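Raw my_file-v5.cif, mmCIF, C-alpha atoms and all ligand atoms:
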```cif
data_final
loop_
_atom_site.label_atom_id
_atom_site.label_comp_id
_atom_site.auth_asym_id
_atom_site.auth_seq_id
_atom_site.Cartn_x
_atom_site.Cartn_y
_atom_site.Cartn_z
CA MET A 1 -100.54 -86.48 82.61
CA SER A 2 -102.56 -83.59 84.02
CA LYS A 3 -104.67 -83.90 87.14
CA GLY A 4 -107.00 -81.22 85.82
CA ARG A 5 -107.19 -77.51 85.27
CA ILE A 6 -106.24 -74.86 87.79
CA PHE A 7 -107.06 -71.19 87.85
CA SER A 8 -105.58 -68.78 90.33
CA ALA A 9 -104.69 -65.13 90.49
CA MET A 10 -103.03 -62.48 92.60
CA GLN A 11 -103.66 -58.81 92.90
CA PRO A 12 -100.81 -56.54 91.84
CA SER A 13 -100.68 -54.56 95.04
CA GLY A 14 -96.93 -53.92 95.09
CA ARG A 15 -96.43 -55.66 98.40
CA PHE A 16 -95.21 -59.12 97.63
CA HIS A 17 -93.21 -60.54 100.53
CA LEU A 18 -91.71 -63.82 101.61
CA GLY A 19 -94.87 -64.68 103.55
CA ASN A 20 -96.92 -64.36 100.35
CA TYR A 21 -94.43 -66.58 98.57
CA MET A 22 -94.58 -69.29 101.21
CA GLY A 23 -98.36 -68.99 101.44
CA ALA A 24 -99.16 -69.36 97.77
CA LEU A 25 -96.55 -68.93 95.08
CA GLU A 26 -94.30 -71.72 96.31
CA ASN A 27 -97.28 -74.04 95.96
CA TRP A 28 -98.09 -72.79 92.45
CA VAL A 29 -94.56 -73.63 91.36
CA LYS A 30 -95.12 -77.23 92.45
CA LEU A 31 -98.60 -77.41 90.93
CA GLN A 32 -97.40 -76.30 87.49
CA ASN A 33 -95.91 -79.77 87.00
CA GLU A 34 -99.10 -81.63 87.80
CA TYR A 35 -101.96 -79.51 86.48
CA GLU A 36 -102.82 -77.41 83.48
CA CYS A 37 -102.52 -73.95 85.03
CA PHE A 38 -103.95 -70.53 84.24
CA PHE A 39 -102.34 -67.83 86.40
CA SER A 40 -103.62 -64.31 86.14
CA ILE A 41 -102.45 -60.93 87.38
CA ALA A 42 -105.74 -59.59 88.71
CA ASP A 43 -105.48 -55.91 87.81
CA LEU A 44 -109.27 -55.52 87.66
CA HIS A 45 -109.47 -56.80 91.22
CA ALA A 46 -106.91 -54.22 92.26
CA LEU A 47 -109.27 -51.55 90.92
CA THR A 48 -112.06 -52.65 93.24
CA SER A 49 -110.33 -50.90 96.12
CA ALA A 50 -107.46 -48.88 94.59
CA TYR A 51 -109.44 -47.10 91.89
CA ALA A 52 -108.69 -43.53 92.98
CA ASP A 53 -105.00 -43.51 92.11
CA THR A 54 -104.06 -46.07 89.47
CA SER A 55 -100.69 -44.56 88.57
CA GLN A 56 -98.73 -47.35 90.31
CA LEU A 57 -100.58 -50.13 88.52
CA PRO A 58 -98.10 -50.69 85.66
CA ASP A 59 -95.17 -50.86 88.11
CA ASN A 60 -97.06 -53.21 90.37
CA VAL A 61 -97.96 -55.51 87.48
CA TYR A 62 -94.33 -55.53 86.34
CA ASN A 63 -93.07 -56.31 89.84
CA LEU A 64 -95.55 -59.10 90.42
CA MET A 65 -94.64 -60.65 87.08
CA LEU A 66 -90.98 -60.43 88.09
CA ASP A 67 -91.81 -62.13 91.40
CA TRP A 68 -93.63 -64.94 89.59
CA LEU A 69 -90.83 -65.52 87.12
CA SER A 70 -88.13 -65.44 89.77
CA ALA A 71 -90.09 -67.90 91.89
CA GLY A 72 -89.92 -70.31 88.98
CA LEU A 73 -93.32 -70.08 87.33
CA ASP A 74 -92.56 -71.31 83.86
CA PRO A 75 -94.20 -69.46 80.94
CA ASP A 76 -93.82 -72.58 78.79
CA LYS A 77 -95.79 -74.72 81.24
CA ASN A 78 -98.49 -72.26 82.28
CA VAL A 79 -100.80 -69.72 80.76
CA ILE A 80 -99.73 -66.48 82.45
CA PHE A 81 -101.66 -63.33 81.61
CA ILE A 82 -103.12 -60.05 82.77
CA GLN A 83 -106.80 -60.26 83.67
CA SER A 84 -107.86 -57.06 81.89
CA HIS A 85 -106.22 -58.24 78.64
CA VAL A 86 -108.88 -60.91 78.30
CA LYS A 87 -112.09 -58.91 78.03
CA GLU A 88 -114.26 -61.96 78.61
CA HIS A 89 -113.57 -61.62 82.36
CA ALA A 90 -115.46 -58.33 82.39
CA GLU A 91 -118.16 -59.64 80.09
CA LEU A 92 -118.87 -62.76 82.12
CA HIS A 93 -118.78 -60.77 85.35
CA LEU A 94 -121.59 -58.62 83.97
CA LEU A 95 -123.73 -61.54 82.87
CA LEU A 96 -123.28 -63.42 86.15
CA SER A 97 -124.12 -60.27 88.09
CA MET A 98 -127.60 -60.30 86.55
CA MET A 99 -128.52 -63.55 88.26
CA THR A 100 -126.63 -63.22 91.55
CA PRO A 101 -128.86 -62.27 94.49
CA LEU A 102 -127.59 -59.19 96.25
CA SER A 103 -127.82 -60.95 99.61
CA TRP A 104 -125.28 -63.58 98.50
CA LEU A 105 -122.69 -60.87 97.98
CA GLU A 106 -123.57 -58.88 101.09
CA ARG A 107 -123.20 -61.87 103.35
CA VAL A 108 -119.66 -62.79 102.20
CA PRO A 109 -117.72 -62.42 105.47
CA THR A 110 -114.74 -60.63 103.91
CA TYR A 111 -117.07 -57.98 102.52
CA LYS A 112 -118.11 -56.29 105.75
CA ASP A 113 -114.64 -56.81 107.29
CA LYS A 114 -112.88 -55.07 104.46
CA LEU A 115 -115.50 -52.38 104.24
CA GLN A 116 -114.58 -51.44 107.80
CA ASN A 117 -110.82 -51.94 107.54
CA LEU A 118 -110.21 -50.22 104.23
CA GLY A 119 -112.78 -47.56 105.12
CA SER A 120 -110.73 -46.68 108.18
CA GLN A 121 -107.65 -46.35 105.93
CA GLY A 122 -109.42 -43.59 104.05
CA LYS A 123 -110.49 -45.67 101.04
CA ASP A 124 -114.12 -45.34 100.10
CA ILE A 125 -115.12 -48.78 98.95
CA ASN A 126 -118.86 -48.31 99.22
CA THR A 127 -118.94 -49.06 95.53
CA TYR A 128 -120.71 -51.38 93.14
CA GLY A 129 -117.36 -52.78 92.03
CA PHE A 130 -116.15 -53.66 95.48
CA LEU A 131 -119.34 -55.53 96.32
CA GLY A 132 -118.74 -57.50 93.12
CA TYR A 133 -115.21 -58.54 94.05
CA PRO A 134 -116.13 -62.22 94.58
CA GLU A 135 -118.42 -62.07 91.54
CA LEU A 136 -115.39 -61.15 89.44
CA MET A 137 -113.41 -63.97 91.03
CA THR A 138 -116.20 -66.34 90.06
CA ALA A 139 -116.06 -65.13 86.47
CA ASP A 140 -112.25 -65.59 86.46
CA ILE A 141 -112.47 -69.20 87.55
CA VAL A 142 -115.50 -70.47 85.64
CA LEU A 143 -114.46 -68.82 82.38
CA TYR A 144 -111.79 -71.54 82.15
CA LYS A 145 -113.99 -74.26 83.68
CA ALA A 146 -111.20 -74.75 86.19
CA GLY A 147 -111.92 -77.60 88.58
CA TRP A 148 -109.26 -76.53 91.07
CA VAL A 149 -108.37 -73.25 92.70
CA PRO A 150 -105.35 -73.06 94.99
CA VAL A 151 -106.26 -70.39 97.51
CA GLY A 152 -105.67 -69.61 101.14
CA GLU A 153 -108.16 -70.03 103.94
CA ASP A 154 -109.30 -66.39 103.59
CA GLN A 155 -110.60 -67.01 100.07
CA GLN A 156 -112.73 -70.05 100.92
CA PRO A 157 -116.00 -68.06 101.26
CA HIS A 158 -115.39 -66.68 97.77
CA LEU A 159 -115.09 -70.18 96.36
CA GLU A 160 -118.26 -71.22 98.14
CA LEU A 161 -120.03 -68.31 96.45
CA ALA A 162 -118.57 -69.32 93.09
CA ARG A 163 -120.03 -72.79 93.51
CA GLU A 164 -123.44 -71.37 94.36
CA ILE A 165 -123.43 -69.12 91.32
CA VAL A 166 -122.39 -72.04 89.11
CA ARG A 167 -125.23 -74.20 90.42
CA ARG A 168 -127.73 -71.42 89.89
CA PHE A 169 -126.56 -70.74 86.34
CA ASN A 170 -126.43 -74.40 85.38
CA LEU A 171 -129.99 -74.96 86.64
CA MET A 172 -131.47 -71.74 85.30
CA TYR A 173 -130.01 -71.98 81.79
CA LYS A 174 -127.80 -74.88 80.78
CA PRO A 175 -125.05 -76.84 82.52
CA VAL A 176 -122.16 -74.80 81.11
CA PHE A 177 -119.93 -74.38 84.16
CA VAL A 178 -117.84 -76.64 86.37
CA GLU A 179 -118.09 -76.31 90.17
CA PRO A 180 -114.61 -75.35 91.34
CA GLN A 181 -112.93 -76.92 94.35
CA GLY A 182 -110.39 -75.31 96.64
CA LEU A 183 -106.93 -76.78 96.57
CA MET A 184 -105.54 -76.14 100.02
CA SER A 185 -101.82 -76.34 100.52
CA GLN A 186 -100.37 -77.28 103.87
CA ALA A 187 -98.15 -74.22 103.70
CA ALA A 188 -96.85 -73.11 107.07
CA VAL A 189 -97.48 -69.50 107.97
CA LEU A 190 -94.34 -67.41 108.10
CA PRO A 191 -94.47 -64.81 110.89
CA GLY A 192 -93.16 -61.28 110.44
CA ILE A 193 -89.75 -60.43 111.86
CA ASP A 194 -91.45 -59.08 115.02
CA GLY A 195 -93.55 -62.22 115.49
CA ARG A 196 -96.87 -60.71 114.38
CA LYS A 197 -98.50 -61.71 111.09
CA MET A 198 -96.17 -60.68 108.24
CA SER A 199 -97.75 -57.62 106.73
CA LYS A 200 -96.54 -54.55 104.90
CA SER A 201 -98.67 -52.35 107.15
CA TYR A 202 -96.72 -53.58 110.22
CA GLY A 203 -93.35 -52.91 108.58
CA ASN A 204 -92.26 -56.41 109.59
CA THR A 205 -91.87 -58.08 106.20
CA ILE A 206 -89.01 -59.63 104.35
CA PRO A 207 -89.57 -58.50 100.76
CA PHE A 208 -89.54 -61.39 98.32
CA ALA A 209 -87.33 -59.27 96.07
CA ALA A 210 -84.68 -58.81 98.78
CA GLY A 211 -81.14 -59.60 97.60
CA PRO A 212 -78.58 -61.34 99.84
CA ASP A 213 -77.55 -58.17 101.70
CA GLU A 214 -81.06 -57.02 102.43
CA LEU A 215 -81.99 -60.56 103.41
CA ARG A 216 -79.14 -60.68 105.94
CA GLU A 217 -80.13 -57.28 107.28
CA ARG A 218 -83.77 -58.25 107.76
CA VAL A 219 -82.85 -61.56 109.40
CA ARG A 220 -80.53 -59.69 111.78
CA MET A 221 -83.60 -57.74 112.94
CA ILE A 222 -85.71 -60.81 113.77
CA VAL A 223 -86.93 -60.76 117.37
CA THR A 224 -85.51 -63.44 119.68
CA ASP A 225 -86.19 -64.53 123.27
CA PRO A 226 -86.48 -61.16 125.08
CA LYS A 227 -85.36 -62.68 128.40
CA ARG A 228 -81.99 -63.59 126.99
CA ILE A 229 -79.38 -60.91 127.73
CA LYS A 230 -76.03 -62.70 127.56
CA LYS A 231 -75.32 -65.39 125.04
CA THR A 232 -74.59 -67.84 127.87
CA ASP A 233 -78.14 -67.35 129.26
CA LYS A 234 -80.31 -70.35 128.61
CA GLY A 235 -82.71 -69.47 125.77
CA ASN A 236 -86.30 -70.44 125.11
CA PRO A 237 -86.87 -71.32 121.43
CA ASP A 238 -90.64 -71.53 122.02
CA VAL A 239 -90.89 -67.74 122.22
CA CYS A 240 -88.20 -66.98 119.62
CA VAL A 241 -89.22 -65.79 116.15
CA ALA A 242 -85.82 -66.72 114.67
CA PHE A 243 -86.44 -70.28 115.84
CA LYS A 244 -89.73 -70.39 113.91
CA PHE A 245 -87.77 -69.36 110.83
CA HIS A 246 -85.21 -72.12 111.48
CA GLN A 247 -88.07 -74.61 111.70
CA LEU A 248 -89.25 -73.55 108.25
CA PHE A 249 -85.99 -72.94 106.43
CA ASN A 250 -83.34 -74.92 108.27
CA LYS A 251 -84.75 -78.36 108.99
CA GLU A 252 -81.25 -79.91 108.93
CA GLU A 253 -79.90 -77.85 111.80
CA VAL A 254 -83.00 -76.98 113.79
CA GLY A 255 -82.59 -79.85 116.27
CA GLN A 256 -79.02 -78.88 117.12
CA ILE A 257 -79.95 -75.22 117.34
CA GLU A 258 -82.74 -75.93 119.80
CA GLN A 259 -80.35 -77.89 121.99
CA ASP A 260 -77.64 -75.21 121.83
CA CYS A 261 -80.12 -72.42 122.54
CA ARG A 262 -81.62 -74.15 125.57
CA GLY A 263 -78.16 -74.96 126.84
CA GLY A 264 -76.88 -71.41 126.36
CA CYS A 265 -74.22 -72.63 123.91
CA ILE A 266 -75.14 -70.42 120.95
CA GLY A 267 -75.88 -66.69 121.00
CA CYS A 268 -78.76 -65.07 119.13
CA VAL A 269 -76.43 -63.21 116.78
CA ALA A 270 -74.66 -66.39 115.70
CA CYS A 271 -77.94 -68.26 115.49
CA LYS A 272 -79.42 -65.65 113.14
CA LYS A 273 -76.25 -65.61 111.06
CA LYS A 274 -76.72 -69.32 110.42
CA LEU A 275 -80.33 -68.65 109.49
CA ALA A 276 -79.43 -65.80 107.15
CA GLU A 277 -76.83 -67.85 105.27
CA LYS A 278 -79.28 -70.73 104.95
CA MET A 279 -81.96 -68.42 103.57
CA VAL A 280 -79.53 -66.77 101.16
CA THR A 281 -78.71 -70.24 99.81
CA ILE A 282 -82.35 -71.23 99.49
CA MET A 283 -83.18 -67.99 97.68
CA ALA A 284 -80.08 -68.08 95.46
CA ASP A 285 -81.74 -69.63 92.38
CA MET A 286 -84.60 -67.19 92.64
CA HIS A 287 -82.23 -64.25 92.82
CA VAL A 288 -80.38 -65.46 89.76
CA ARG A 289 -83.65 -65.77 87.82
CA ARG A 290 -84.70 -62.30 88.97
CA GLN A 291 -81.48 -60.85 87.55
CA GLU A 292 -82.20 -62.62 84.26
CA TYR A 293 -85.60 -60.99 83.92
CA VAL A 294 -85.13 -57.63 85.61
CA GLY A 295 -85.62 -54.75 83.17
CA LYS A 296 -86.62 -57.12 80.33
CA THR A 297 -89.97 -55.47 79.84
CA ASP A 298 -90.21 -56.52 76.17
CA LEU A 299 -89.70 -60.16 77.04
CA MET A 300 -92.24 -59.94 79.84
CA ARG A 301 -94.72 -58.21 77.55
CA ASP A 302 -94.28 -61.01 74.99
CA ILE A 303 -94.91 -63.68 77.63
CA LEU A 304 -98.03 -61.92 78.87
CA GLU A 305 -99.34 -61.34 75.35
CA ALA A 306 -98.78 -64.97 74.41
CA GLY A 307 -100.57 -65.97 77.62
CA ALA A 308 -103.51 -63.67 76.93
CA LYS A 309 -103.78 -65.11 73.43
CA LYS A 310 -104.09 -68.66 74.77
CA ALA A 311 -106.46 -67.57 77.53
CA ARG A 312 -108.70 -65.76 75.01
CA VAL A 313 -109.21 -68.95 73.00
CA VAL A 314 -110.62 -70.82 76.01
CA ALA A 315 -112.50 -67.78 77.31
CA ALA A 316 -114.17 -67.17 73.95
CA GLU A 317 -115.35 -70.77 73.73
CA THR A 318 -116.96 -70.55 77.15
CA MET A 319 -118.55 -67.19 76.37
CA ALA A 320 -120.10 -68.64 73.22
CA GLU A 321 -121.70 -71.37 75.32
CA VAL A 322 -122.85 -68.86 77.93
CA LYS A 323 -124.45 -66.61 75.34
CA GLU A 324 -126.13 -69.52 73.66
CA ALA A 325 -127.48 -70.72 77.02
CA MET A 326 -128.78 -67.22 77.81
CA HIS A 327 -130.20 -66.71 74.30
CA LEU A 328 -127.86 -63.82 73.59
CA VAL A 329 -127.46 -64.95 70.03
N1 LIG B 401 -108.77 -62.43 95.39
C1 LIG B 401 -107.56 -63.15 95.21
C2 LIG B 401 -106.55 -62.67 96.25
O1 LIG B 401 -106.55 -61.52 96.63
C3 LIG B 401 -107.00 -62.96 93.83
C4 LIG B 401 -107.91 -63.55 92.80
C5 LIG B 401 -108.60 -62.88 91.82
C6 LIG B 401 -108.20 -64.93 92.64
N2 LIG B 401 -109.30 -63.75 91.07
C7 LIG B 401 -109.09 -65.02 91.54
C8 LIG B 401 -107.81 -66.08 93.32
C9 LIG B 401 -109.62 -66.25 91.14
C10 LIG B 401 -108.33 -67.32 92.91
C11 LIG B 401 -109.22 -67.38 91.83
O2 LIG B 401 -105.72 -63.45 96.66
#
```
Here is a file; write its structure as structure tokens.
Ligand code: TRP
Amino acid sequence: MSKGRIFSAMQPSGRFHLGNYMGALENWVKLQNEYECFFSIADLHALTSAYADTSQLPDNVYNLMLDWLSAGLDPDKNVIFIQSHVKEHAELHLLLSMMTPLSWLERVPTYKDKLQNLGSQGKDINTYGFLGYPELMTADIVLYKAGWVPVGEDQQPHLELAREIVRRFNLMYKPVFVEPQGLMSQAAVLPGIDGRKMSKSYGNTIPFAAGPDELRERVRMIVTDPKRIKKTDKGNPDVCVAFKFHQLFNKEEVGQIEQDCRGGCIGCVACKKKLAEKMVTIMADMHVRRQEYVGKTDLMRDILEAGAKKARVVAAETMAEVKEAMHLV
């Protein structure tokens, strides 16, 4: 029994880390059992900012697909495909762009932010395509008439825009589209190993693809209470990044660890060793699945082609309705 249809996507940016997993993918893996899901690798979205050098795109798509499969996204339960393989995304984006007021796009809060941030990183995103980023997201979602979109807080303004475009289209032509709703997860935010937001640009990530050894190594580098010199010093878990990780990954032991830390009964090295072993165990199934898929490019291509085929059927039906509504017959 399905609770409805979901659409979501991720950009293949080649930076998938454990924070991204906890923030979104972990939730998708749960949702696949309750909803009819369309999950897309948004390569066209990647082009809106990384258009100048596209040589890494195939690798990034491959790696993201590997991340999804290792996380447990099941190709038999979901429609998994590459955005650009279903040309209706581009077609609908164009048609919607005709009736979207420029001011709606210019006032999206992420637009001006990113224009500044990416501009300062030397990327010129004063482009038509970048302005249309949320327009393309709208096309992605409404093409499948998805009622639900699992996205993070940062994407909420984009969903709001999608709803406005849907309302405008439905009134102006015919009620073809469904207004999508955000599906917020209560995912906790995983900090980086230095306590700041986990981000590739800070060099503080734990890569989602990390095997047991790399995982142990990254956990060993997690920042702890800086005031603690000797392991018999009384620690303060409230300022310890490793403790935050224990709270997320080691619910069974976290109470004892807090007590031992405050009492000066466990050192930071031992405490992080416990954490590392716990995380290695939690990630074990995912690492096994990764090994099953790694290098199997033919298999992955087959999955993505089968997904695109299914997606095209739905997309073509919607496009026929859109064209009829707009008298493009
Ligand atoms: N912009 C989203 C992100 O960076 C990815 C995305 C593209 C998306 N199209 C979408 C998300 C449609 C939800 C729905 O995370």
(Q) Can you work out which residues are within 7 Å of ligand LIG 401 (chain B), considering only C-alpha atoms and all ligand atoms, and then hand them over as a PyMOL selection string? (A) chain A and resi 7-11+42+45+136-138+140-141+149-151+155
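Among the candidates A:Val166, A:Ile80, A:Arg228, A:Met279, the residue lying nearest to Lys251 (chain A) is A:Met279 (atoms considered: only C-alpha atoms).
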Q | All residues 12 Å or closer to region 54-59 of chain A, only C-alpha atoms, same chain fewer than 4 positions away omitted, as number ranges by chain | A | A: 11-15, 41-50, 63-66, 82, 295, 297, 301
**Q.** Shell around Val79 (chain A) at 7 Å using only C-alpha atoms, local window under 5 positions removed, as a list in words
**A.** Cys37, Phe38, Phe39, Gly307, Lys310 and Ala311 of chain A
Q. So, counting all atoms listed in the file, which residue among A:Arg216, A:Ala276, A:Phe130, A:Leu95 is closest to Leu118 (chain A)?
A.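 Checking each candidate against Leu118 (chain A), we get A:Phe130 as the closest.
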Q.
Just want the 12 Å neighbourhood of Glu217 (chain A), counted on all atoms listed in the file, with same-chain residues fewer than 6 positions away dropped. Output as an MDAnalysis selection string.
A. chainID A and resid 193 205:207 210:211 269 272:273 275:277 279:280
Q: Can you pull out every residue within 7 Å of Asn236 (chain A), counting all atoms listed in the file, but drop anything in the same chain fewer than 3 positions away, and send it as a list in words?
A: Asp225, Val239, Cys240, Cys261 and Arg262 of chain A
Take the residues just selected and output them with C-alpha atoms as a PDB file, in the coordinates of the input.
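So the final result, stored in out39.pdb, reads:
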```pdb
ATOM      1  CA  ASP A 225     -86.190 -64.530 123.270  1.00  0.00           C
ATOM      2  CA  VAL A 239     -90.890 -67.740 122.220  1.00  0.00           C
ATOM      3  CA  CYS A 240     -88.200 -66.980 119.620  1.00  0.00           C
ATOM      4  CA  CYS A 261     -80.120 -72.420 122.540  1.00  0.00           C
ATOM      5  CA  ARG A 262     -81.620 -74.150 125.570  1.00  0.00           C
TER       6      ARG A 262
END
```
Q.
Quick one: residues within 8 Å of region 105-107 of chain A, all atoms listed in the file, excluding same-chain residues fewer than 6 positions away - as a list of chain:residue names?
A.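 My list of contacting residues is A:Leu131, A:Gly132, A:Pro134, A:Glu135.
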